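Trainee: Structure in structure tokens, see below.
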There are 2 protein chains.
Amino acid sequence: MSDEFDRMLGDLRTRLAEASDLQNANEVLAWDQTTYMPPGGVPARGRQMAVLARLAHETFTDPAIGRLLDKLAPQAEALPYDDDNANLIRVTRREYMRATQVPADFMAEATAHGAETYDAWTRARPANDFATMIPLLEKTLELSRRYADFFPGYDHIADPLIDRSDGGMTVAEIRPIFAALRQALTPMVEAICAREPVDDSFLHRHYPTQAQWDFGLDVIRQFGYDFNRGRQDQSAHPFTTSFSIGDVRITTRIDEENLAEALFGTLHECGHALYEQGVNPAFEATPLAGGTSSGVHESQSRLWENIVGRGRRFWRRYYGPLQAAFPEQLGDVDEEDFYRAVNKVQRSLIRTDADEVTYNLHVIIRFELELDLLEGKLAVADLAEAWRARYAEYLGVSSPDDRDGVLQDVHWYGDFIGGGFQGYALGNIMASQFYARALEDHPDIPDQIEAGEFDTLHTWLREHIYRHGSKFTAGELLERVVGGPMKLEPYLAYLQEKFGPFSHIDQ
Amino acid sequence: MSDEFDRMLGDLRTRLAEASDLQNANEVLAWDQTTYMPPGGVPARGRQMAVLARLAHETFTDPAIGRLLDKLAPQAEALPYDDDNANLIRVTRREYMRATQVPADFMAEATAHGAETYDAWTRARPANDFATMIPLLEKTLELSRRYADFFPGYDHIADPLIDRSDGGMTVAEIRPIFAALRQALTPMVEAICAREPVDDSFLHRHYPTQAQWDFGLDVIRQFGYDFNRGRQDQSAHPFTTSFSIGDVRITTRIDEENLAEALFGTLHECGHALYEQGVNPAFEATPLAGGTSSGVHESQSRLWENIVGRGRRFWRRYYGPLQAAFPEQLGDVDEEDFYRAVNKVQRSLIRTDADEVTYNLHVIIRFELELDLLEGKLAVADLAEAWRARYAEYLGVSSPDDRDGVLQDVHWYGDFIGGGFQGYALGNIMASQFYARALEDHPDIPDQIEAGEFDTLHTWLREHIYRHGSKFTAGELLERVVGGPMKLEPYLAYLQEKFGPFSHIDQ
């Protein structure tokens with residue numbers, strides 16, 4: 001490439017680093033707010049974060065960046081498709097266009113409305129008062145439609161909204177997969193739930209905080225979480241956050257009467273964090289320095305939490321140490337009973353507490369309701385009832401109140417309607433595709449897991465997925481890694497193998 | 001005032017809030033860096049903090065702020081001197097002029113040189129290698145002189161440097177006070193050190209971390225530190241930091257073999273924090289929202305640490321609880337022996353470990369060396385030797401190496417030479433002036449301290465000092481509170497009363 005190309009690329013990188021630094025600084029403030037900040041810090045913190053968010057946006061959407069990208073693009077296209085610089089320019093251009101296509105005053109209106117709606121929701125949910133949320137959600141729906149209309153040429157009105165979290169994914173691709181998934185899951189859930197319920201009562205004995213904390217940290221250290229480039233703290237809602245590739249932190253929530261909560265929450269966040277810690281360090285402070293989509297991110301959290309962490313081979317190795325950590329609580333529980341308890345399938349109301357099998361039905365319900373709302377088939381005023389009906393139909397349970405129904409998840413109450421949920425189920429599907437591919441390369445991975453060794457799996461994931469950061473879309477990544485598009489079969493095979501013996505589901 | 005005045009004042013406040021928010025956001029990043037950040041976060045954090053510092057500076061020095069201040073100043077002068085708006089405009093104008101008088105490229109050069117020097121010092125100090133620091137310090141001295149010369153009309157070349165931390169203070173005011181202080185202290189130290197040394201060996205028994213932590217928190221809660229608007233964490237070097245008037249945090253360092261370290265460190269930082277927490281909430285996000293000077297700030301940390309926390313009346317109330325917290329360590333130590341141990345006076349090499357009496361001599365040595373360097377009387381190449389000579393003369397001890405000599409304090413190795421130290425001794429002097437005045441209003445304060453009640457003292461300090469934030473300079477504050485300028489007598493009387501009985505110093 002020419003000197004001029006290098007000069008412009010250097011200029012672009014400097015500008016992107018500043019935008020990234022401002023955004024990451026804001027993430028530090030957000031992390032502090034949910035972990036350590038005293039209550040008196042709230043008003044100033046809101047102001048400080050708003051200033052940083054605005055400056056980060058202004059820096060990233062500076063027309064000078066647009067001009068650089070326009071000049072760099074032709075030369076980038078001449079480079080090999082997987083060249084880092086070519087991808088930096090291509091990905092940045094896509095994000096720049098997404099960020100600049102929407103007028104600043106519209107985003108200001110949407111942000112203000114989101115803040116007002118969130119604030120109202122924090123009171124409406126405990127009060128079980130969906131009625132007061134209806135006018136606010138109607139406005140949210142209108143704003144969501146207007147957002148989509150800034151991207152003319154879409155195939156489905158939800159596509160631009162889905163694109164925000166799962167770049168390149170569309171309703172046309174997701175809808176048939178979710179339909180097939182639902183069709184496969186419904187009889188599976190029915191078969192499992194027709195059997196004698198699994199006893200998981202011992203998971204709700206008293207488990208002291210410190211011992212839970214220590215056990216979780218031991219496991220994720222084995223997984224390969226790098227504590228020189230991360231740490232774990234406690235927060236009300238567990239999350240993973242990244243301030244740089246060298247500082248990727250997780251949080252967990254410990255409930256002394258529920259062993260599964262912190263344990264699997266920690267493994268889940270560790271999966272997200274391994275992804276972020278594994279990005280190529282050369283991508284630091286650019287738009288490539290993070291996971292590529294909500295779905296791929298969730299594929300990694302679910303892979304480590306469920307495929308590894310709720311797996312039989314894992315507990316062959318770790319149930320002994322867990323019993324040793326909690327001799328009074330688990331001394332009378334054998335490994336098989338424990339394994340079944342942490343994999344108990346049941347019809348339930350709350351998405352975040354759901355098991356591996358029913359979880360996807362919770363997601364599909366929300367995804368379908370979003371499409372119905374955006375397509376105008378469903379009015380916000382009828383949403384609570386539609387929620388109940390869909391739960392009754394898909395899961396065979398229905399919440400008597402809205403608190404655990406339509407008011408359950410924060411997503412619609414602070415952000416747009418559309419694109420908020422599909423990633424959770426796409427993640428499960430892709431996790432199985434990736435894991436099946438890893439097993440093809442290394443059939444001994446399950447044996448290694450049983451030996452408490454995770455390096456082969458971790459290294460494989462880092463090489464094939466993590467190091468690329470946001471260089472490729474989920475679709476491009478699948479194509480490179482498994483040689484094709486998203487496919488349901490590996491996931492269904494995984495569920496059949498794991499849950500088949502309990503439920504005697506026909507193959 | 002006119003609508004136009006209100007409009008311009010509102011505009012000014014908006015701009016100042018943004019500068020303040022950026023600066024406070026940066027303080028959050030700095031706090032995280034020294035408390036919780038994993039090692040891998042270092043490179044990105046340096047970049048992020050540099051961006052925020054630059055943007056905070058650019059926002060505060062925006063010429064639009066200068067124009068607003070010029071227009072507002074005449075109307076502000078028509079307001080009463082202690083009017084909040086008048087002071088906001090006056091103080092902001094002073095800071096704006098100080099910030100804009102120095103060219104940005106000079107500050108960039110000084111900042112880069114400071115970073116390089118600090119980095120070299122972190123290696124030179126453990127290696128006891130002053131020689132490598134000489135050329136760097138020579139450049140620092142040159143930069144310090146150039147800094148001063150951006151403020152023509154000064155009386156002494158150190159005045160503009162002192163003005164950075166102790167606004168309005170000058171060499172002409174400080175030098176005679178320090179000379180008199182030294183003259184009074186020298187015979188006092190000699191007399192005390194001629195006596196049988198106090199036994200403080202029991203302070204170096206083993207004191208477990210958690211019990212030290214709990215005791216310190218109990219005491220500062222009694223002092224009035226508001227944990228809804230603050231918190232304590234651990235760090236290598238204790239400090240107080242403020243992200244807003246509603247979020248003022250302290251850190252402490254615990255040494256299990258030294259009871260005094262964390263205990264008095266906690267009380268010291270609490271004093272700083274009570275000051276910051278006590279500022280008028282209406283000053284939030286303006287240049288008035290913090291302590292007014294290094295000296296006044298130190299007066300509060302030293303007042304709570306020493307006058308209260310090392311006082312006889314305090315230990316009458318708290319020695320029982322301390323013994324109860326450490327029965328094995330202190331069971332055989334009576335209150336009088338403990339009181340003497342925590343007030344042990346001795347000739348020593350390290351400023352931060354020095355007792356109340358000798359501490360000022362450490363400060364005076366540094367202050368005088370700074371003046372000698374700036375005046376050209378002393379060459380950097382001769383500084384290590386001058387340090388040793390001055391210690392031998394003033395304190396009767398001299399470090400065999402430079403590690404605990406001229407390389408001891410960070411101040412010269414990262415900032416300018418000049419203005420770095422005087423505040424520590426000015427704080428001791430002012431603390432006694434303020435405390436003596438508080439006793440005039442409330443003679444029962446010592447009785448209350450003995451009863452574990454600090455509200456009268458805390459309220460008095462908040463009303464007379466804390467709530468004003470940076471509204472008044474140290475000199476203005478003294479004038480308002482004690483009705484005159486800085487005076488040595490209350491401090492010397494305090495030392496005589498406290499240390500006289502041990503040393504039989506002539507009155």
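Going through the structure tokens in order, the chains are called A, B, and so on, while each chain numbers its residues from 1 and the ligands are numbered from 1 in the order shown.
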Residues within 12 Å of Glu368 (chain B), please, as an MDAnalysis selection string. Count only C-alpha atoms; anything in the same chain fewer than 4 positions from it doesn't count.
Mentor: chainID B and resid 158 171 174:176 178:179 182 361:364 372:375 377:378 383 386:387 390:391 394 417:422
Trainee: Near chain A, which residues of chain B fall within 6 Å when you count only C-alpha atoms, and what do they look like as a ChimeraX atom specification?
Mentor: /B:21,38-41,48,228-230,246-247
Trainee: Can you tell me, as a PyMOL selection string, what residues are no more than 12 Å from Tyr81 (chain B) when counting only C-alpha atoms, ignoring any on the same chain fewer than 3 positions away?
Mentor: chain B and resi 75-78+84-91+471-472+476+480
Trainee: Give me, as a list of chain:residue names, all polymer residues having an atom no more than 10 Å from Val406 (chain A), counting only C-alpha atoms and skipping those fewer than 5 positions away in the same chain.
Mentor: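 Listed by chain and then number, they are A:Arg125, A:Asn128, A:Phe130, A:Arg366, A:Leu383, A:Ala384, A:Glu385, A:Ala386, A:Trp387, A:Arg388, A:Ser399, A:Asp401, A:Trp412.
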Trainee: Mind dumping the selected residues with N, CA and C atoms as a short mmCIF file (atom, residue, chain, number, x, y, z; two decimals), in the first residue's frame?
Mentor:
data_model
loop_
_atom_site.label_atom_id
_atom_site.label_comp_id
_atom_site.auth_asym_id
_atom_site.auth_seq_id
_atom_site.Cartn_x
_atom_site.Cartn_y
_atom_site.Cartn_z
N ARG A 125 -42.95 -2.53 37.41
CA ARG A 125 -42.81 -3.98 37.55
C ARG A 125 -43.17 -4.45 38.96
N ASN A 128 -46.74 -4.36 39.46
CA ASN A 128 -47.53 -5.19 38.53
C ASN A 128 -48.47 -4.33 37.69
N PHE A 130 -48.91 -2.86 34.29
CA PHE A 130 -48.59 -2.73 32.88
C PHE A 130 -49.33 -1.55 32.24
N ARG A 366 -40.66 -14.02 22.67
CA ARG A 366 -40.36 -12.59 22.64
C ARG A 366 -40.07 -12.11 21.22
N LEU A 383 -50.68 -6.52 24.40
CA LEU A 383 -49.42 -7.26 24.52
C LEU A 383 -49.39 -8.20 25.74
N ALA A 384 -49.92 -7.71 26.87
CA ALA A 384 -49.88 -8.54 28.08
C ALA A 384 -50.67 -9.83 27.87
N GLU A 385 -51.81 -9.69 27.23
CA GLU A 385 -52.66 -10.85 26.97
C GLU A 385 -52.00 -11.78 25.95
N ALA A 386 -51.39 -11.19 24.93
CA ALA A 386 -50.71 -11.99 23.91
C ALA A 386 -49.55 -12.77 24.55
N TRP A 387 -48.85 -12.12 25.48
CA TRP A 387 -47.76 -12.77 26.21
C TRP A 387 -48.28 -14.03 26.92
N ARG A 388 -49.36 -13.84 27.66
CA ARG A 388 -49.94 -14.97 28.40
C ARG A 388 -50.36 -16.10 27.46
N SER A 399 -48.28 -16.78 33.38
CA SER A 399 -48.14 -15.99 34.60
C SER A 399 -49.48 -15.37 34.98
N ASP A 401 -49.76 -12.85 36.81
CA ASP A 401 -49.58 -11.39 36.85
C ASP A 401 -48.66 -10.95 35.71
N TRP A 412 -37.35 -4.11 26.47
CA TRP A 412 -38.26 -3.19 25.77
C TRP A 412 -38.43 -1.87 26.52
#
